[in-house]
Amino acid sequence: MIRYANKGLYKRSLKELDNGVSVTYTWNASSVSCQLSDGTQCTLENTLDHWECSCPADHICKHVLIAILYDQREYTAEDSMNADEKHALDKDSGISDNDPLDVPKNVSVTESASILVSNVDDPSEIPHPVSREIESRFRWITESDLPVLIKSYSSSMIEEVVFRLRYPEEIKIFEDSLLTVHLTTQNIEVSFTEEPNLAKALCKVKQTAGKMAKLEALLRYRNFKGLDDRDALSGRVYEAKFSLQTVQECRVMLAGLLKTGLARLPQSYMAQLETLAIAAHSGNLPDIERSLRGIQGELQLFFNRHIRFSMQSMLDRVSKLYLALQVLEEEKVSAIQQSQLIGSFRSKYYTVPSLHLYGLGADAWETRSGFRGITYYFYCFDDEEIYTYSDVRAVYYDDQQFSYTEHYGAFTPWLPNLTFRQFVGEEVKFHSVKVNEERRISSGEGAKLAILPRTGVETLNLGKTMQDVTTVLQEESRSFDLFAAPKERLAVIKVARIVDHNFVKQTQDLILTVESAEGERLALTLPYSTDWQTMIQRLESGYGAQSLEHFYAFVRVESKRISPISFLKGQTVLSLKLDIGNGRMGRLGRA
């Protein structure tokens, strides 16, 4: 009854009974007419889904609860509610208004059961002492047609809930008069009635957030029961609408390019690429547009006989785009795969309940197209993936500048007294933070950040991010997946010592040669730039490196080089580009 109404209404009903309110019953064939002494009339059936009351309340009211409780107290001796039960909801009982409700204590195990579910490989192995009667009453949750159940949900709402399902969530299941799913991390309860209708489910969270909580609870329960709803959901989430004519024109053009060859290709081909890129934009083909402009950029380097032109890069771009266009033209793949090939113009961010992150380091960068920024890297304990936060500015206008030092020392948007320099060296926990498909963290409002005691890197299990030298060297870096965006390859490597440092004048690169405890050596490359002149000079002179032993290197693995981002030791993080220029190398050595 508390789940149907609320705890306050239940307690007020008990108080009314103590003040002398009485009920007279008329037993009908399938209902009970209840006349309260205060003049109110109620009609009850065998479920709380169906009731009537003469009062103007839109939802279940105290009169309905009084009608039920009076019969229990006055006429049913075995279920009588005496003074002990009255005080079961006081402070002495240890139950607060925010606590999840337990199974009623006066219900036997054959009538109710609570189950704790968390990362279960085979749900059928969990003992489930629930009577067949209870299972049959809530069978609609697993046996109903899912598209019918979620008909009232918009595609954006379904998309956000599906995104949340990526993250582990401990759930508790209570089965009695209602089937209740408690989302432990979010501390949200959703109670399903016997009626196969999500709108009838009970949840204290209001409006859109409550509606999405109902859907999340439903999907997590179905997943616990062994149901795979991905295909049913993909049709609603991934609505692949695009211009098939533009796809066909792009594929014909690329086929002509491959037939003609670069040597005989006229420069007017650049104009054709630009025209098709514009058509791809208006035809809702954002990734096709990006690929066309990427080929355009490579072709411009070829026409200019630029040293940076790479035939292998050109072949990679043309091959992937041609395959994507062919798959889209045939229209034989699922909606989700079509959506992955099409891409999106703007990245969507979704709220996740919590993220437990460990700072790995920060990297400063600048693009040829005129953008500068700093990217902060974190390891997430929840899903064992790398998350990032980027501070980016366009500097292609004369009056726009980006100072790495200034932005690195600026305060974060989540805690007013925490700088980004401190942030990347901490272990933190976010609550209600927004992230996107690429696991980039949003600076939007609503997220709460807590600083945790930082664990020494030596004692951490970093999962697949932790790699040895052999693994890093053997992995093929140019491979790509047609139905997924190219991922930045990042790894943490255990290093015994730095054995050599050498600046190569021809390539303007500083090469740091590191050695593992097993004697394996790996070359780490830092390209020269005027912004990193101090860092290069200090590393080249061996500044602080001689005393640095038995540490971890966080690196980016690229096609022709491995670039270090940061060094970690104990609880300390040293971001090479941003910290060495400020003389912080010795601090890592002392750690």
# chains A, B, ... in the order shown; residues from 1 in each chain; ligands from 1

$ residues_around --residues "Pro353 (chain A)" --least-positions-apart "2" --cutoff "7 Å" --atoms "only C-alpha atoms" --output "list in words"
Gln186, Thr351, His431, Ser432 and Val433 of chain A

$ write_last_selection --atoms "C-alpha atoms" --output "short mmCIF file (atom, residue, chain, number, x, y, z; two decimals), in the first residue's frame"
data_model
loop_
_atom_site.label_atom_id
_atom_site.label_comp_id
_atom_site.auth_asym_id
_atom_site.auth_seq_id
_atom_site.Cartn_x
_atom_site.Cartn_y
_atom_site.Cartn_z
CA GLN A 186 20.38 5.61 -8.59
CA THR A 351 23.27 11.41 -18.29
CA HIS A 431 27.26 11.75 -10.17
CA SER A 432 24.67 12.55 -12.87
CA VAL A 433 27.30 13.49 -15.43
#

$ atom_distance --atom1 "CA of Tyr322 (chain A)" --atom2 "CA of Arg489 (chain A)"
24.4 Å

$ atom_distance --atom1 "CA of Ala279 (chain A)" --atom2 "CA of Phe302 (chain A)"
24.2 Å

$ residues_around --residues "Ala362 (chain A)" --least-positions-apart "6" --cutoff "10 Å" --atoms "only C-alpha atoms" --output "ChimeraX atom specification"
/A:374-378,388-390,408,420-421,423-425,554,565-566,573-579

$ write_last_selection --atoms "N, CA, C and O atoms" --output "short mmCIF file (atom, residue, chain, number, x, y, z; two decimals), in the first residue's frame"
data_model
loop_
_atom_site.label_atom_id
_atom_site.label_comp_id
_atom_site.auth_asym_id
_atom_site.auth_seq_id
_atom_site.Cartn_x
_atom_site.Cartn_y
_atom_site.Cartn_z
N ILE A 374 43.42 21.22 -24.81
CA ILE A 374 44.03 20.28 -23.86
C ILE A 374 43.02 19.18 -23.62
O ILE A 374 41.84 19.45 -23.34
N THR A 375 43.44 17.94 -23.73
CA THR A 375 42.58 16.79 -23.47
C THR A 375 43.07 16.10 -22.21
O THR A 375 44.26 15.80 -22.07
N TYR A 376 42.13 15.84 -21.30
CA TYR A 376 42.42 15.19 -20.02
C TYR A 376 41.90 13.75 -20.09
O TYR A 376 40.76 13.52 -20.47
N TYR A 377 42.76 12.81 -19.69
CA TYR A 377 42.44 11.38 -19.84
C TYR A 377 42.22 10.74 -18.47
O TYR A 377 42.96 11.01 -17.51
N PHE A 378 41.20 9.87 -18.42
CA PHE A 378 40.85 9.17 -17.18
C PHE A 378 40.52 7.71 -17.47
O PHE A 378 39.92 7.41 -18.50
N THR A 388 37.52 11.02 -21.58
CA THR A 388 38.28 12.25 -21.80
C THR A 388 37.42 13.48 -21.53
O THR A 388 36.19 13.43 -21.61
N TYR A 389 38.09 14.57 -21.22
CA TYR A 389 37.46 15.89 -21.19
C TYR A 389 38.38 16.81 -21.97
O TYR A 389 39.60 16.84 -21.73
N SER A 390 37.84 17.57 -22.91
CA SER A 390 38.66 18.45 -23.76
C SER A 390 38.25 19.90 -23.61
O SER A 390 37.06 20.23 -23.61
N TYR A 408 45.40 25.31 -18.29
CA TYR A 408 45.77 24.18 -17.43
C TYR A 408 45.62 24.56 -15.95
O TYR A 408 45.27 23.72 -15.11
N PHE A 420 42.33 22.38 -13.25
CA PHE A 420 42.48 21.24 -14.15
C PHE A 420 43.79 20.49 -13.88
O PHE A 420 43.85 19.28 -14.03
N ARG A 421 44.83 21.21 -13.49
CA ARG A 421 46.10 20.56 -13.14
C ARG A 421 45.90 19.59 -11.98
O ARG A 421 46.41 18.46 -11.99
N PHE A 423 42.88 18.36 -11.08
CA PHE A 423 41.82 17.44 -11.49
C PHE A 423 42.39 16.18 -12.15
O PHE A 423 41.99 15.05 -11.85
N VAL A 424 43.35 16.36 -13.07
CA VAL A 424 43.87 15.22 -13.81
C VAL A 424 44.77 14.33 -12.96
O VAL A 424 45.07 13.20 -13.35
N GLY A 425 45.16 14.80 -11.80
CA GLY A 425 45.99 13.99 -10.91
C GLY A 425 45.22 13.36 -9.77
O GLY A 425 45.82 12.84 -8.83
N PHE A 554 52.00 6.49 -19.88
CA PHE A 554 50.72 6.51 -20.57
C PHE A 554 50.98 7.04 -21.96
O PHE A 554 51.44 8.18 -22.13
N ILE A 565 52.28 10.54 -23.31
CA ILE A 565 51.42 11.63 -22.83
C ILE A 565 51.82 12.02 -21.41
O ILE A 565 51.95 13.20 -21.09
N SER A 566 52.03 10.99 -20.56
CA SER A 566 52.34 11.28 -19.16
C SER A 566 53.12 10.12 -18.56
O SER A 566 53.12 9.00 -19.09
N VAL A 573 51.06 12.11 -11.05
CA VAL A 573 50.96 12.11 -12.50
C VAL A 573 51.77 13.29 -13.03
O VAL A 573 51.65 14.41 -12.54
N LEU A 574 52.58 13.01 -14.07
CA LEU A 574 53.36 14.07 -14.71
C LEU A 574 52.96 14.12 -16.18
O LEU A 574 53.28 13.21 -16.95
N SER A 575 52.22 15.14 -16.58
CA SER A 575 51.86 15.35 -17.99
C SER A 575 53.03 16.04 -18.67
O SER A 575 53.38 17.17 -18.32
N LEU A 576 53.67 15.37 -19.64
CA LEU A 576 54.97 15.80 -20.16
C LEU A 576 54.93 17.21 -20.73
O LEU A 576 55.75 18.06 -20.37
N LYS A 577 54.01 17.50 -21.64
CA LYS A 577 54.00 18.80 -22.30
C LYS A 577 53.65 19.93 -21.35
O LYS A 577 54.12 21.06 -21.50
N LEU A 578 52.81 19.65 -20.36
CA LEU A 578 52.27 20.71 -19.52
C LEU A 578 52.98 20.87 -18.20
O LEU A 578 52.88 21.92 -17.57
N ASP A 579 53.68 19.83 -17.73
CA ASP A 579 54.30 19.89 -16.40
C ASP A 579 55.81 20.08 -16.43
O ASP A 579 56.37 20.75 -15.56
#

$ residues_around --residues "Ile150 (chain A)" --least-positions-apart "2" --cutoff "10 Å" --atoms "only C-alpha atoms" --output "PyMOL selection string"
chain A and resi 145-148+152-155+158+197-199+215+233+236

$ write_last_selection --atoms "all heavy atoms" --output "JSON list (two decimals), in the first residue's frame"
[["chain", "number", "residue", "atom", "x", "y", "z"],
["A", 145, "ASP", "N", 4.75, -7.89, -26.22],
["A", 145, "ASP", "CA", 5.49, -7.37, -27.37],
["A", 145, "ASP", "C", 6.13, -6.04, -26.95],
["A", 145, "ASP", "O", 5.43, -5.07, -26.65],
["A", 145, "ASP", "CB", 4.54, -7.17, -28.54],
["A", 145, "ASP", "CG", 5.27, -6.81, -29.82],
["A", 145, "ASP", "OD1", 6.50, -7.01, -29.87],
["A", 145, "ASP", "OD2", 4.62, -6.32, -30.75],
["A", 146, "LEU", "N", 7.47, -6.00, -26.94],
["A", 146, "LEU", "CA", 8.18, -4.81, -26.44],
["A", 146, "LEU", "C", 7.82, -3.54, -27.23],
["A", 146, "LEU", "O", 7.60, -2.49, -26.61],
["A", 146, "LEU", "CB", 9.69, -5.05, -26.46],
["A", 146, "LEU", "CG", 10.54, -3.92, -25.86],
["A", 146, "LEU", "CD1", 10.20, -3.68, -24.40],
["A", 146, "LEU", "CD2", 12.03, -4.22, -26.01],
["A", 147, "PRO", "N", 7.79, -3.56, -28.57],
["A", 147, "PRO", "CA", 7.41, -2.33, -29.29],
["A", 147, "PRO", "C", 6.07, -1.75, -28.86],
["A", 147, "PRO", "O", 5.88, -0.54, -28.86],
["A", 147, "PRO", "CB", 7.39, -2.78, -30.76],
["A", 147, "PRO", "CG", 8.35, -3.92, -30.81],
["A", 147, "PRO", "CD", 8.18, -4.63, -29.50],
["A", 148, "VAL", "N", 5.12, -2.62, -28.47],
["A", 148, "VAL", "CA", 3.82, -2.14, -28.00],
["A", 148, "VAL", "C", 3.98, -1.47, -26.63],
["A", 148, "VAL", "O", 3.38, -0.42, -26.36],
["A", 148, "VAL", "CB", 2.81, -3.30, -27.92],
["A", 148, "VAL", "CG1", 1.50, -2.83, -27.31],
["A", 148, "VAL", "CG2", 2.57, -3.88, -29.31],
["A", 152, "SER", "N", 4.71, 4.69, -26.44],
["A", 152, "SER", "CA", 4.56, 6.10, -26.06],
["A", 152, "SER", "C", 5.90, 6.82, -25.88],
["A", 152, "SER", "O", 5.92, 8.02, -25.62],
["A", 152, "SER", "CB", 3.75, 6.19, -24.76],
["A", 152, "SER", "OG", 4.46, 5.57, -23.70],
["A", 153, "TYR", "N", 7.00, 6.10, -26.00],
["A", 153, "TYR", "CA", 8.32, 6.71, -25.78],
["A", 153, "TYR", "C", 8.88, 7.25, -27.09],
["A", 153, "TYR", "O", 8.78, 6.61, -28.14],
["A", 153, "TYR", "CB", 9.29, 5.68, -25.20],
["A", 153, "TYR", "CG", 9.08, 5.39, -23.73],
["A", 153, "TYR", "CD1", 8.08, 4.52, -23.31],
["A", 153, "TYR", "CD2", 9.87, 5.99, -22.77],
["A", 153, "TYR", "CE1", 7.88, 4.27, -21.97],
["A", 153, "TYR", "CE2", 9.69, 5.74, -21.42],
["A", 153, "TYR", "CZ", 8.68, 4.88, -21.02],
["A", 153, "TYR", "OH", 8.49, 4.62, -19.69],
["A", 154, "SER", "N", 9.50, 8.42, -27.02],
["A", 154, "SER", "CA", 10.15, 9.01, -28.19],
["A", 154, "SER", "C", 11.47, 8.29, -28.45],
["A", 154, "SER", "O", 12.04, 7.66, -27.55],
["A", 154, "SER", "CB", 10.41, 10.50, -27.97],
["A", 154, "SER", "OG", 11.35, 10.69, -26.92],
["A", 155, "SER", "N", 11.97, 8.40, -29.67],
["A", 155, "SER", "CA", 13.23, 7.73, -30.01],
["A", 155, "SER", "C", 14.39, 8.28, -29.19],
["A", 155, "SER", "O", 15.30, 7.53, -28.82],
["A", 155, "SER", "CB", 13.52, 7.89, -31.50],
["A", 155, "SER", "OG", 13.61, 9.26, -31.85],
["A", 158, "ILE", "N", 14.29, 6.61, -25.70],
["A", 158, "ILE", "CA", 14.74, 5.23, -25.78],
["A", 158, "ILE", "C", 16.25, 5.19, -25.99],
["A", 158, "ILE", "O", 16.96, 4.37, -25.38],
["A", 158, "ILE", "CB", 14.02, 4.50, -26.93],
["A", 158, "ILE", "CG1", 12.52, 4.43, -26.65],
["A", 158, "ILE", "CG2", 14.58, 3.09, -27.13],
["A", 158, "ILE", "CD1", 11.70, 3.87, -27.79],
["A", 197, "ASN", "N", 1.01, -2.27, -18.78],
["A", 197, "ASN", "CA", 1.05, -0.88, -19.22],
["A", 197, "ASN", "C", 2.14, -0.17, -18.42],
["A", 197, "ASN", "O", 2.05, -0.07, -17.19],
["A", 197, "ASN", "CB", -0.32, -0.22, -19.00],
["A", 197, "ASN", "CG", -0.37, 1.18, -19.60],
["A", 197, "ASN", "OD1", 0.65, 1.79, -19.90],
["A", 197, "ASN", "ND2", -1.58, 1.69, -19.78],
["A", 198, "LEU", "N", 3.17, 0.34, -19.12],
["A", 198, "LEU", "CA", 4.26, 1.02, -18.41],
["A", 198, "LEU", "C", 3.78, 2.29, -17.73],
["A", 198, "LEU", "O", 4.33, 2.69, -16.70],
["A", 198, "LEU", "CB", 5.38, 1.36, -19.40],
["A", 198, "LEU", "CG", 6.54, 0.37, -19.53],
["A", 198, "LEU", "CD1", 7.58, 0.88, -20.51],
["A", 198, "LEU", "CD2", 7.18, 0.12, -18.18],
["A", 199, "ALA", "N", 2.76, 2.92, -18.27],
["A", 199, "ALA", "CA", 2.24, 4.14, -17.66],
["A", 199, "ALA", "C", 1.65, 3.87, -16.29],
["A", 199, "ALA", "O", 1.58, 4.77, -15.44],
["A", 199, "ALA", "CB", 1.21, 4.78, -18.57],
["A", 215, "LEU", "N", 11.26, 2.70, -17.93],
["A", 215, "LEU", "CA", 11.75, 1.93, -19.07],
["A", 215, "LEU", "C", 13.07, 1.23, -18.73],
["A", 215, "LEU", "O", 13.27, 0.07, -19.10],
["A", 215, "LEU", "CB", 11.94, 2.86, -20.27],
["A", 215, "LEU", "CG", 12.48, 2.20, -21.55],
["A", 215, "LEU", "CD1", 11.58, 1.05, -21.99],
["A", 215, "LEU", "CD2", 12.63, 3.23, -22.66],
["A", 233, "LEU", "N", 14.82, -2.67, -30.07],
["A", 233, "LEU", "CA", 15.05, -1.27, -29.74],
["A", 233, "LEU", "C", 15.72, -0.51, -30.87],
["A", 233, "LEU", "O", 15.51, 0.69, -31.03],
["A", 233, "LEU", "CB", 15.91, -1.17, -28.48],
["A", 233, "LEU", "CG", 15.28, -1.66, -27.18],
["A", 233, "LEU", "CD1", 16.33, -1.76, -26.08],
["A", 233, "LEU", "CD2", 14.15, -0.75, -26.74],
["A", 236, "ARG", "N", 13.68, 1.69, -33.21],
["A", 236, "ARG", "CA", 13.18, 2.96, -32.68],
["A", 236, "ARG", "C", 14.30, 3.96, -32.44],
["A", 236, "ARG", "O", 14.10, 5.16, -32.57],
["A", 236, "ARG", "CB", 12.45, 2.69, -31.35],
["A", 236, "ARG", "CG", 11.13, 1.97, -31.50],
["A", 236, "ARG", "CD", 10.07, 2.86, -32.16],
["A", 236, "ARG", "NE", 9.96, 4.13, -31.49],
["A", 236, "ARG", "CZ", 9.21, 4.34, -30.41],
["A", 236, "ARG", "NH1", 8.49, 3.35, -29.91],
["A", 236, "ARG", "NH2", 9.16, 5.53, -29.84]]

$ residues_around --residues "Gln248 (chain A)" --least-positions-apart "6" --cutoff "9 Å" --atoms "only C-alpha atoms" --output "ChimeraX atom specification"
/A:325-326,329

$ write_last_selection --atoms "C-alpha atoms" --output "short mmCIF file (atom, residue, chain, number, x, y, z; two decimals), in the first residue's frame"
data_model
loop_
_atom_site.label_atom_id
_atom_site.label_comp_id
_atom_site.auth_asym_id
_atom_site.auth_seq_id
_atom_site.Cartn_x
_atom_site.Cartn_y
_atom_site.Cartn_z
CA LEU A 325 28.69 3.65 -49.74
CA GLN A 326 28.25 0.17 -51.21
CA GLU A 329 23.31 1.48 -51.36
#

$ residues_around --residues "region 494-504 of chain A" --least-positions-apart "6" --cutoff "7 Å" --atoms "only C-alpha atoms" --output "number ranges by chain"
A: 468, 510-517, 540, 545, 548-553
